[in-house]
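Chemist: What follows is model04.cif, made up of mmCIF, C-alpha atoms:
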data_input
loop_
_atom_site.label_atom_id
_atom_site.label_comp_id
_atom_site.auth_asym_id
_atom_site.auth_seq_id
_atom_site.Cartn_x
_atom_site.Cartn_y
_atom_site.Cartn_z
CA MET A 1052 0.00 0.00 0.00
CA LYS A 1053 1.27 3.45 -0.93
CA ASN A 1054 2.05 6.05 1.67
CA TYR A 1055 1.03 9.63 0.98
CA ALA A 1056 2.86 12.85 1.74
CA SER A 1057 2.86 13.52 5.46
CA SER A 1058 1.59 16.72 7.05
CA GLU A 1059 5.23 17.64 7.78
CA LYS A 1060 6.12 17.27 4.11
CA LEU A 1061 3.06 19.29 3.07
CA ALA A 1062 4.14 22.06 5.47
CA ILE A 1063 7.60 22.13 3.81
CA ILE A 1064 5.95 22.42 0.39
CA LYS A 1065 3.68 25.20 1.70
CA GLU A 1066 6.72 27.08 3.02
CA ALA A 1067 8.40 26.88 -0.38
CA PHE A 1068 5.17 27.67 -2.29
CA PRO A 1069 2.91 29.87 -0.14
CA ASP A 1070 0.18 30.00 -2.82
CA ILE A 1071 -0.63 26.27 -2.60
CA THR A 1072 -3.57 24.90 -0.65
CA TYR A 1073 -4.40 21.42 0.65
CA ASP A 1074 -6.74 19.74 3.09
CA GLU A 1075 -4.57 18.21 5.79
CA ALA A 1076 -7.54 16.25 7.17
CA GLU A 1077 -7.72 14.13 4.02
CA ARG A 1078 -6.05 10.71 4.12
CA GLN A 1079 -4.60 11.39 0.66
CA PRO A 1080 -4.43 15.19 0.49
CA ALA A 1081 -4.04 16.82 -2.90
CA VAL A 1082 -1.94 19.94 -3.30
CA PHE A 1083 -3.73 22.67 -5.28
CA VAL A 1084 -1.48 25.08 -7.15
CA SER A 1085 -1.96 27.81 -9.74
CA GLY A 1086 -1.01 27.19 -13.34
CA GLU A 1087 1.69 29.84 -13.02
CA SER A 1088 3.43 27.88 -10.23
CA LEU A 1089 2.85 24.39 -11.62
CA LYS A 1090 6.20 23.81 -13.34
CA ALA A 1091 8.18 25.26 -10.45
CA LEU A 1092 6.31 23.07 -7.96
CA LEU A 1093 6.77 19.89 -10.01
CA THR A 1094 10.47 20.67 -10.45
CA PHE A 1095 10.80 21.17 -6.69
CA LEU A 1096 8.96 17.90 -5.97
CA ARG A 1097 11.22 16.06 -8.42
CA ASP A 1098 14.59 17.59 -7.49
CA ASP A 1099 14.47 18.44 -3.78
CA ASN A 1100 16.34 15.84 -1.67
CA GLY A 1101 13.52 15.79 0.88
CA MET A 1102 10.86 15.16 -1.78
CA MET A 1103 12.31 13.02 -4.60
CA TYR A 1104 9.04 12.52 -6.51
CA GLY A 1105 10.85 11.44 -9.66
CA ARG A 1106 8.02 9.49 -11.28
CA LEU A 1107 5.02 11.20 -12.82
CA GLU A 1108 2.67 8.22 -12.75
CA ASN A 1109 -0.16 9.74 -14.73
CA VAL A 1110 -1.84 12.93 -15.80
CA THR A 1111 -5.57 13.27 -16.21
CA SER A 1112 -8.33 15.85 -15.97
CA VAL A 1113 -11.78 16.14 -14.45
CA ASP A 1114 -14.71 18.15 -15.80
CA TRP A 1115 -16.68 19.53 -12.86
CA LYS A 1116 -19.09 21.42 -15.18
CA THR A 1117 -18.10 24.76 -13.59
CA HIS A 1118 -14.33 24.24 -13.94
CA PHE A 1119 -11.73 21.68 -14.96
CA GLU A 1120 -9.02 20.19 -12.80
CA MET A 1121 -5.73 18.92 -14.10
CA VAL A 1122 -4.49 16.06 -11.91
CA TYR A 1123 -0.82 15.04 -11.64
CA ASN A 1124 -0.03 11.89 -9.63
CA LEU A 1125 3.62 11.64 -8.58
CA PHE A 1126 5.52 8.89 -6.82
CA SER A 1127 8.86 8.68 -5.00
CA TRP A 1128 10.64 5.33 -5.20
CA GLU A 1129 13.19 6.52 -2.65
CA LYS A 1130 10.56 7.51 -0.08
CA TYR A 1131 7.93 5.05 -1.35
CA GLU A 1132 5.17 7.62 -1.19
CA ALA A 1133 2.81 9.46 -3.47
CA ILE A 1134 1.49 12.97 -3.87
CA THR A 1135 -1.24 14.44 -6.04
CA VAL A 1136 -1.00 17.94 -7.52
CA LYS A 1137 -4.09 19.63 -8.95
CA VAL A 1138 -4.65 22.80 -10.97
CA LYS A 1139 -8.10 24.37 -11.22
CA LEU A 1140 -8.85 25.72 -14.72
CA ASN A 1141 -11.45 28.02 -16.22
CA HIS A 1142 -14.20 25.97 -17.91
CA ASP A 1143 -14.67 28.40 -20.80
CA LYS A 1144 -11.02 28.45 -21.85
CA PRO A 1145 -8.99 25.82 -20.01
CA VAL A 1146 -5.27 26.50 -20.43
CA VAL A 1147 -2.33 25.19 -18.40
CA PRO A 1148 1.43 25.11 -19.03
CA SER A 1149 2.83 21.90 -20.47
CA VAL A 1150 5.12 20.09 -18.05
CA THR A 1151 7.08 18.25 -20.76
CA SER A 1152 10.16 20.26 -19.79
CA VAL A 1153 9.96 18.74 -16.28
CA PHE A 1154 8.71 15.24 -17.19
CA PRO A 1155 9.30 14.59 -20.93
CA GLY A 1156 7.23 11.38 -20.88
CA VAL A 1157 4.05 13.36 -20.26
CA GLU A 1158 3.89 14.52 -23.89
CA PHE A 1159 1.38 11.89 -25.03
CA GLU A 1160 -0.77 12.13 -21.90
CA GLU A 1161 -1.13 15.89 -22.40
CA ARG A 1162 -2.10 15.26 -26.03
CA GLU A 1163 -4.75 12.77 -24.88
CA VAL A 1164 -6.21 15.30 -22.42
CA PHE A 1165 -6.17 17.95 -25.17
CA ASP A 1166 -7.89 15.60 -27.60
CA LEU A 1167 -10.62 14.30 -25.31
CA MET A 1168 -11.17 17.26 -22.95
CA GLY A 1169 -10.02 20.29 -24.96
CA ILE A 1170 -7.52 21.57 -22.41
CA GLU A 1171 -4.74 23.59 -24.06
CA PHE A 1172 -1.12 23.09 -22.96
CA THR A 1173 1.06 26.13 -23.59
CA ASP A 1174 4.61 25.40 -24.79
CA HIS A 1175 3.74 21.79 -25.66
CA PRO A 1176 6.18 20.52 -28.32
CA ASP A 1177 3.49 18.85 -30.51
CA LEU A 1178 -0.04 19.63 -29.33
CA ARG A 1179 -2.39 17.89 -31.74
CA ARG A 1180 -5.02 15.20 -31.58
CA ILE A 1181 -3.73 11.75 -30.72
CA LEU A 1182 -6.82 9.49 -30.68
CA LEU A 1183 -9.39 11.23 -32.86
CA ALA A 1184 -9.22 12.42 -36.45
CA GLU A 1185 -7.89 15.94 -36.96
CA ASP A 1186 -11.27 17.05 -38.37
CA PHE A 1187 -13.26 15.63 -35.41
CA GLU A 1188 -15.35 18.38 -33.84
CA GLY A 1189 -15.50 18.75 -30.09
CA HIS A 1190 -14.02 16.90 -27.14
CA PRO A 1191 -16.05 13.78 -26.27
CA LEU A 1192 -15.16 13.46 -22.57
CA ARG A 1193 -16.49 16.90 -21.70
CA LYS A 1194 -19.78 16.87 -19.86
CA ASP A 1195 -21.19 19.47 -22.27
CA TYR A 1196 -20.26 17.46 -25.38
CA LYS A 1197 -23.23 16.81 -27.65
CA GLN A 1198 -22.89 13.96 -30.10
CA ILE A 1199 -24.31 15.10 -33.41
CA MET A 1200 -25.28 11.67 -34.72
CA PRO A 1201 -25.38 8.33 -32.98
CA PRO A 1202 -22.62 5.96 -33.99
CA ARG A 1203 -23.44 3.68 -36.89
CA VAL A 1204 -24.17 0.23 -35.53
CA ARG A 1205 -25.12 -2.65 -37.74
CA HIS A 1206 -28.08 -4.56 -36.35
CA LEU A 1207 -27.80 -8.24 -36.97
CA VAL A 1208 -30.93 -9.96 -38.17
CA LYS A 1209 -31.43 -13.60 -37.31
CA GLY A 1210 -30.23 -15.73 -40.21
CA GLU A 1211 -27.60 -13.27 -41.50
#
Would you mind writing the file out in structure tokens?
Modeler:
Amino acid sequence: MKNYASSEKLAIIKEAFPDITYDEAERQPAVFVSGESLKALLTFLRDDNGMMYGRLENVTSVDWKTHFEMVYNLFSWEKYEAITVKVKLNHDKPVVPSVTSVFPGVEFEEREVFDLMGIEFTDHPDLRRILLAEDFEGHPLRKDYKQIMPPRVRHLVKGE
């Protein structure tokens, strides 16, 4: 079972980044940070000897109808613990900095979030659709996505 960042570790992060927030009462507290501080925070979590979160396990997003959240799950093999970093984004124009300069392997995950949720990643090296056709309209994992036509499904008739 994974351990999660302790309250002492969260206090150290808060001292280094006063603009972050978190709920210490949670068993697995997430650290909320602004988009402007995201890359600096992730670099700190990766490089600081007391943190050592060198593995970005996954990146995803959540559509809360009123806003989006980008979710970054990090893990430290040295400390054998995890931490979650979240960024709240405007629902009308969700934009966040790409973190490919901090974790190069995130390039395809950011493209997937862009493709399916429509979140823009500034300074991404190759931001284009990855799963859907370039001419596909919309972002199908958004809660406000309206499918224009139902998918074509062939109905099998007995005896075919």
Chemist: In Å to one decimal, how far is CA of Arg1193 (chain A) from CA of Trp1115 (chain A)?
Modeler: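 So the two atoms, CA of Trp1115 (chain A) and CA of Arg1193 (chain A), lie 9.2 Å apart.
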Chemist: Which residues come within 8 Å of Glu1161 (chain A), counting all atoms listed in the file, excluding same-chain residues fewer than 6 positions away, as an mmCIF file with C-alpha atoms, in the coordinates of the input?
Modeler:
data_model
loop_
_atom_site.group_PDB
_atom_site.id
_atom_site.type_symbol
_atom_site.label_atom_id
_atom_site.label_comp_id
_atom_site.auth_asym_id
_atom_site.auth_seq_id
_atom_site.Cartn_x
_atom_site.Cartn_y
_atom_site.Cartn_z
ATOM 1 C CA VAL A 1110 -1.840 12.930 -15.800
ATOM 2 C CA SER A 1149 2.830 21.900 -20.470
ATOM 3 C CA PHE A 1172 -1.120 23.090 -22.960
ATOM 4 C CA LEU A 1178 -0.040 19.630 -29.330
#
Chemist: For region 1122-1124 of chain A, find every residue with an atom within 10 Å (counting all atoms listed in the file), except residues of its own chain fewer than 4 positions away, and show them as a list in words.
Modeler: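 Once the nearby chain positions are removed, what remains is Ala1081, Val1082, Phe1083, Leu1093, Tyr1104, Arg1106, Leu1107, Glu1108, Asn1109, Val1110, Thr1111, Ser1112, Val1113, Ala1133, Ile1134, Thr1135, Val1136, Lys1137, Val1138 and Lys1139 of chain A.
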Chemist: For a quick check of your reading of the model, name the residues lying within 10 Å of the coordinate (11.6, 13.7, -5.5), counting all atoms listed in the file, and write them as JSON, numbers by chain.
Modeler: {"A": [1093, 1094, 1095, 1096, 1097, 1098, 1099, 1100, 1101, 1102, 1103, 1104, 1105, 1106, 1125, 1126, 1127, 1128, 1129, 1130, 1132, 1133]}
Chemist: Determine the nearest neighbour of Asp1166 (chain A) from the options A:Leu1192, A:Phe1154, A:Lys1116, A:Ile1063, counting only C-alpha atoms.
Modeler: A:Leu1192
Chemist: CA of Ala1076 (chain A) to CA of Leu1092 (chain A): how many Å, to one decimal?
Modeler: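 Interatomic distance, CA of Ala1076 (chain A) to CA of Leu1092 (chain A): 21.6 Å.
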Chemist: Got a sec to check which residues sit within 12 Å of (-3.6, 15.6, -32.3), counting only C-alpha atoms, and write them as a PyMOL selection string?
Modeler: chain A and resi 1158-1167+1169+1171+1175-1187+1190
Chemist: Between A:Leu1089, A:Val1153, A:Ala1062, A:Met1168, which has the minimum distance to His1118 (chain A) (counting all atoms listed in the file)?
Modeler: A:Met1168
Chemist: Using only C-alpha atoms, which residue out of A:Gly1086, A:Ala1056, A:Asp1114, A:Ile1199 lies closest to Val1150 (chain A)?
Modeler: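 For Val1150 (chain A), the nearest of the given residues is A:Gly1086.
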Chemist: Do you have the CA of Met1121 (chain A)-CA of Val1147 (chain A) distance handy?
Modeler: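 Spanning CA of Met1121 (chain A) to CA of Val1147 (chain A) is a straight-line distance of 8.3 Å.
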Chemist: For this file, the PyMOL selection byres ((chain A and resi 1141) around 9) selects which residues, as a list in words?
Modeler: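 Checked against the file, the PyMOL selection byres ((chain A and resi 1141) around 9) matches Thr1117, His1118, Phe1119, Glu1120, Lys1139, Leu1140, His1142, Asp1143, Lys1144, Pro1145 and Val1146 of chain A.
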